[in-house]
Each structure stands twice: as C-alpha cells, then as structure tokens.
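What follows is the content of run_39.cif (mmCIF, C-alpha atoms).
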```cif
data_target
#
loop_
_atom_site.label_atom_id
_atom_site.label_comp_id
_atom_site.auth_asym_id
_atom_site.auth_seq_id
_atom_site.Cartn_x
_atom_site.Cartn_y
_atom_site.Cartn_z
CA HIS K 1 0.00 0.00 0.00
CA VAL K 2 2.08 2.93 -1.26
CA VAL K 3 1.42 6.19 0.59
CA TYR K 4 4.30 8.15 -0.97
CA ALA K 5 6.91 7.52 -3.66
CA VAL K 6 9.45 9.69 -5.42
CA ARG K 7 9.01 10.23 -9.14
CA ASP K 8 11.84 7.82 -10.00
CA ALA K 9 13.37 5.69 -7.23
CA ARG K 10 16.27 4.70 -9.51
CA ASP K 11 17.59 8.26 -9.33
CA LEU K 12 18.82 10.42 -6.45
CA ASP K 13 17.14 13.81 -6.64
CA PRO K 14 18.34 15.95 -3.69
CA ALA K 15 14.91 17.65 -3.66
CA ASP K 16 13.39 14.32 -2.56
CA GLY K 17 15.43 14.22 0.64
CA SER K 18 16.45 10.77 1.80
CA VAL K 19 13.06 9.07 1.37
CA ASP K 20 12.35 6.86 -1.65
CA ALA K 21 8.92 5.58 -0.59
CA VAL K 22 6.51 5.13 2.32
CA VAL K 23 4.16 2.17 2.50
CA LEU K 24 1.34 1.37 4.89
CA ALA K 25 1.42 -2.06 6.51
CA THR K 26 -1.80 -3.56 7.86
CA PRO K 27 -2.24 -6.76 9.88
CA LEU K 28 -3.72 -8.49 6.80
CA GLU K 29 -0.91 -7.33 4.50
CA ARG K 30 1.85 -8.31 6.95
CA THR K 31 0.24 -11.71 7.60
CA ARG K 32 -0.02 -12.34 3.86
CA HIS K 33 3.62 -11.27 3.44
CA ALA K 34 4.78 -13.66 6.18
CA ALA K 35 2.79 -16.53 4.65
CA TYR K 36 4.12 -15.80 1.15
CA PHE K 37 7.70 -15.59 2.38
CA ALA K 38 7.35 -18.92 4.23
CA ALA K 39 5.84 -20.60 1.15
CA TYR K 40 8.66 -19.19 -0.99
CA GLN K 41 11.14 -20.78 1.42
CA LYS K 42 9.11 -24.01 1.37
CA ILE K 43 8.36 -23.68 5.10
CA GLU K 44 4.98 -24.76 6.42
CA LEU K 45 3.39 -21.92 8.37
CA ARG K 46 0.05 -22.17 10.16
CA PRO K 47 -2.27 -19.12 10.04
CA ALA K 48 -1.70 -18.16 13.69
CA GLU K 49 2.07 -18.30 13.17
CA ALA K 50 1.81 -16.17 10.01
CA LEU K 51 -0.14 -13.57 12.01
CA ARG K 52 2.51 -13.60 14.74
CA LYS K 53 5.38 -13.33 12.26
CA GLY K 54 3.58 -10.44 10.54
CA GLY K 55 4.23 -8.41 13.66
CA LEU K 56 0.98 -6.43 13.70
CA GLY K 57 -2.04 -7.27 15.78
CA ALA K 58 -5.62 -6.10 15.50
CA ASP K 59 -5.91 -2.31 15.77
CA GLN K 60 -2.29 -1.79 14.70
CA ILE K 61 -0.75 -0.36 11.55
CA ALA K 62 2.78 0.49 10.53
CA PHE K 63 4.40 2.82 8.05
CA ILE K 64 7.60 1.53 6.45
CA VAL K 65 9.88 4.28 5.14
CA PHE K 66 12.39 3.22 2.48
CA ALA K 67 15.36 5.59 2.70
CA HIS K 68 18.95 6.13 1.59
CA GLY K 69 22.04 7.79 3.02
CA ASP K 70 23.39 11.16 1.95
CA ASP K 71 26.47 9.71 0.26
CA GLU K 72 28.28 6.41 -0.30
CA SER K 73 29.67 6.35 3.26
CA ASP K 74 26.60 7.56 5.23
CA MET K 75 25.47 4.67 7.44
CA GLU K 76 24.07 6.86 10.23
CA PHE K 77 21.00 8.17 8.39
CA PRO K 78 18.36 5.85 9.96
CA GLY K 79 19.10 7.38 13.37
CA LYS K 80 18.56 10.90 12.01
CA PHE K 81 14.86 10.34 11.24
CA SER K 82 12.54 11.99 13.71
CA PRO K 83 9.83 10.06 15.48
CA ALA K 84 6.64 10.17 13.41
CA THR K 85 3.18 11.30 14.44
CA LEU K 86 -0.12 10.05 13.09
CA THR K 87 -3.06 12.44 13.35
CA ILE K 88 -6.56 10.95 13.16
CA ASP K 89 -9.72 12.99 13.81
CA GLY K 90 -7.78 15.64 15.70
CA ARG K 91 -5.90 13.13 17.86
CA THR K 92 -2.13 12.98 17.43
CA LEU K 93 -0.54 9.62 18.17
CA ALA K 94 3.09 8.88 18.86
CA PRO K 95 4.40 5.58 17.52
CA ALA K 96 4.09 2.57 19.80
CA ALA K 97 7.44 1.42 18.40
CA ILE K 98 10.11 2.55 15.94
CA ASP K 99 12.39 0.08 14.17
CA ARG K 100 15.39 1.66 12.50
CA GLY K 101 16.72 -1.05 10.24
CA GLY K 102 20.41 -1.47 9.64
CA PRO K 103 21.90 -0.09 6.42
CA SER K 104 22.58 -2.30 3.40
CA PRO K 105 24.55 -1.35 0.27
CA SER K 106 22.59 -0.50 -2.87
CA THR K 107 22.96 1.17 -6.26
CA TYR K 108 20.87 3.88 -7.91
CA PRO K 109 21.50 3.11 -11.59
CA LEU K 110 20.20 6.38 -13.08
CA SER K 111 21.92 8.74 -10.67
CA THR K 112 24.51 11.07 -12.12
CA ARG K 113 26.14 11.52 -8.70
CA GLY K 114 27.14 9.00 -6.03
CA ARG K 115 25.25 5.99 -7.40
CA SER K 116 26.31 3.77 -4.50
CA ARG K 117 24.41 4.37 -1.25
CA PHE K 118 23.38 2.60 1.88
CA VAL K 119 19.65 1.98 2.19
CA ALA K 120 17.47 1.06 5.16
CA THR K 121 13.89 0.99 6.35
CA ILE K 122 12.49 2.95 9.26
CA THR K 123 9.24 1.42 10.54
CA TYR K 124 6.79 3.38 12.66
CA ARG K 125 4.14 1.21 14.39
CA PHE K 126 0.92 2.76 15.70
CA ASP K 127 -1.75 1.35 18.00
CA LEU K 128 -5.22 2.50 16.90
CA ALA K 129 -7.11 0.78 19.74
CA GLY K 130 -9.46 3.22 21.40
CA ILE K 131 -9.99 5.34 18.29
CA ALA K 132 -13.52 4.62 17.12
CA GLY K 133 -13.79 4.34 13.35
CA ALA K 134 -10.03 4.63 12.80
CA ALA K 135 -10.17 2.09 9.96
CA GLN K 136 -12.47 4.45 8.02
CA ALA K 137 -10.70 7.71 8.89
CA ARG K 138 -8.51 10.11 7.01
CA ALA K 139 -5.16 10.61 8.72
CA ARG K 140 -1.85 12.43 8.33
CA LEU K 141 1.60 10.91 8.87
CA ALA K 142 4.30 13.44 9.72
CA PHE K 143 8.05 13.01 10.22
CA THR K 144 11.37 14.60 9.30
CA ASP K 145 13.94 12.64 7.30
CA ALA K 146 17.71 12.46 7.73
CA THR K 147 18.28 15.53 5.54
CA GLY K 148 15.86 17.69 7.56
CA LYS K 149 13.07 17.51 4.98
CA SER K 150 9.61 17.46 6.57
CA PHE K 151 6.95 15.05 5.35
CA ASP K 152 3.22 15.51 6.03
CA LEU K 153 1.46 12.75 4.13
CA PRO K 154 -2.30 12.27 3.80
CA VAL K 155 -3.51 8.72 4.39
CA ASP K 156 -7.04 7.52 3.68
CA LEU K 157 -7.21 4.51 6.00
CA ALA K 158 -10.52 3.38 4.46
CA ALA K 159 -8.64 2.60 1.23
CA TYR K 160 -6.62 -0.20 2.89
CA ARG K 161 -7.44 -3.58 4.46
#
```

Would it be possible to restate this file's structure as structure tokens?
Amino acid sequence: HVVYAVRDARDLDPADGSVDAVVLATPLERTRHAAYFAAYQKIELRPAEALRKGGLGADQIAFIVFAHGDDESDMEFPGKFSPATLTIDGRTLAPAAIDRGGPSPSTYPLSTRGRSRFVATITYRFDLAGIAGAAQARARLAFTDATGKSFDLPVDLAAYR
C-alpha cells in the first residue's frame, strides 16, 4: 500500500530528501507477506504463526519508510529520522514502536552523482485501539527525514485492508 513515492526511485534527486517511498502495513498485508515468504522458502506456516510473524495485531498499523544515506559512506542516516506522528480525527498519536533497520549497500543506476548508497527501512508502528472508526478515517503521517526535509502525508485509511 504505497502512501508516498518519489518520481523515480532509480535516481537520487536531492529535492526528494532521503526518502524513496513510504508504505502502509496492515495486519492483513503483513500476515499475507509472512505466509508468502514462508511458502517461498518451502516452510509450512500455520495461520496463527503467520499472524505472529507479521508483527501487527488487530488495531495496529505500521508505516515503512524506504530511505537512503546522503552519500556512499553515510550509514548513520536511519538514526537521524525523527519520530513520526499520526493524526486521526484531531488526535495525534506517537508511535508505539520505531524500528530503524540497519543499512545495506545498494545502487541507484540512473543517478549522475554517487550511485552507491546505503539503504534502510524505518518502521513506525501505531496502535489504533481506542480510536472509534479509525479504519475508516482520514489521517496524516508526519516526520522529518535524515536531511531535515519534513513530510506531512495524507492517508485515507478506508482505502486499505
């Protein structure tokens, strides 16, 4: 479920900051991903185990930010992301958890400068329990990336399962 994506993720446009994309993860999507990954590895996975491995329970969602470092040696960028906030119906939520994934080497084939970068994911998990109708609400995800660029992204939660 793509919430935000740069025009061309194969390029490094400084105007995009350090974010390539933001996706919304739901319990159903994460459970399906865990089951698919297990099947791909030829591992039998029962439904309850797929749900557990998905990492999101009922009333929880996550936003996974796909990001890159400032140059070919920047491995510190995941720690420079601010905590996110999710605003729903006038209520602003802090993340229940933040997972700043470790950097991995990657290449941006269309970039005309510094094609080699480290990439990582920053995952913000939110607990929506206690917010009536949250699954049908319009929300806003806000955070600041490693370059200082602010993001304020609209999210129509009714569009996702």

**OP:** Could you tell me how far CA of Gly54 in chain K lies from CA of Arg32 in chain K, in Å and to one decimal?
**Re:** 7.8 Å

Subject >> Shell of 6 Å around range 113-124 of chain K, only C-alpha atoms, local chain residues under 5 positions omitted, as a list in words >> reply: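 Skipping anything fewer than 5 positions along the chain leaves Ala62, Phe63, Ile64, Val65, Phe66, Ala67, His68, Gly69, Asp71, Glu72, Pro95, Ile98, Asp99, Arg100, Gly101, Gly102, Pro103, Ser104, Pro105, Ser106, Thr107 and Tyr108 of chain K.
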
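The nearest approach to Pro154 in chain K among the residues K:Ile131, K:Ala38, K:Ile88, K:Val6, with all atoms listed in the file taken into account, belongs to K:Ile88.
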
Original post:
What's the 9 Å shell around Asp145 in chain K, counting all atoms listed in the file, without same-chain residues fewer than 2 positions away, as a PyMOL selection string?
Top reply: chain K and resi 17-19+67+77-78+80-82+143+147-151

**OP:** Can you work out which one of K:Phe126, K:Asp13, K:Val155, K:Val3 has the shortest atom-to-atom distance to Pro83 in chain K, counting all atoms listed in the file?
**Re:**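 Selected residue with least distance to Pro83 in chain K: K:Phe126.
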
Original post:
So what do you get for CA of Gly57 in chain K versus CA of Thr31 in chain K, distance-wise?
Top reply: 9.6 Å

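Applied to this file, the PyMOL selection byres ((chain K and resi 152) around 6) selects the residues Leu141, Ala142, Phe151 and Leu153 of chain K.
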
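For the atom pair formed by CA of Ala39 in chain K and CA of Val23 in chain K, the distance is 22.9 Å, given to one decimal.
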
Original post:
Looking at K:Ala134, K:His33, K:Asp74, K:Leu45, which one is nearest to Gly90 in chain K, with distances taken over only C-alpha atoms?
Top reply: K:Ala134

Original post:
Which residue, K:Ala5, K:Leu93, K:Ala58, K:Leu86, has the smallest gap to Asp156 in chain K when you use all atoms listed in the file?
Top reply: K:Leu86

Original post:
Looking at all atoms listed in the file, which of K:Lys53, K:Arg91, K:Arg46, K:His1 is the one that sits closest to Ala34 in chain K?
Top reply: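 The closest residue to Ala34 in chain K is K:Lys53.
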
Original post:
Pick from K:Leu12, K:Leu24, K:Ala158, K:Ala139: nearest to Thr87 in chain K, with only C-alpha atoms counted?
Top reply: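 Comparing K:Leu12, K:Leu24, K:Ala158, K:Ala139 against Thr87 in chain K, the winner is K:Ala139.
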
Once 6 Å is added on each side, what centre and edge lengths in Å to one decimal does the axis-aligned box around all listed atoms of range 110-118 of chain K have, as lines of an AutoDock Vina configuration file?
```
center_x = 23.7
center_y = 7.1
center_z = -5.6
size_x = 18.9
size_y = 20.9
size_z = 27.0
```
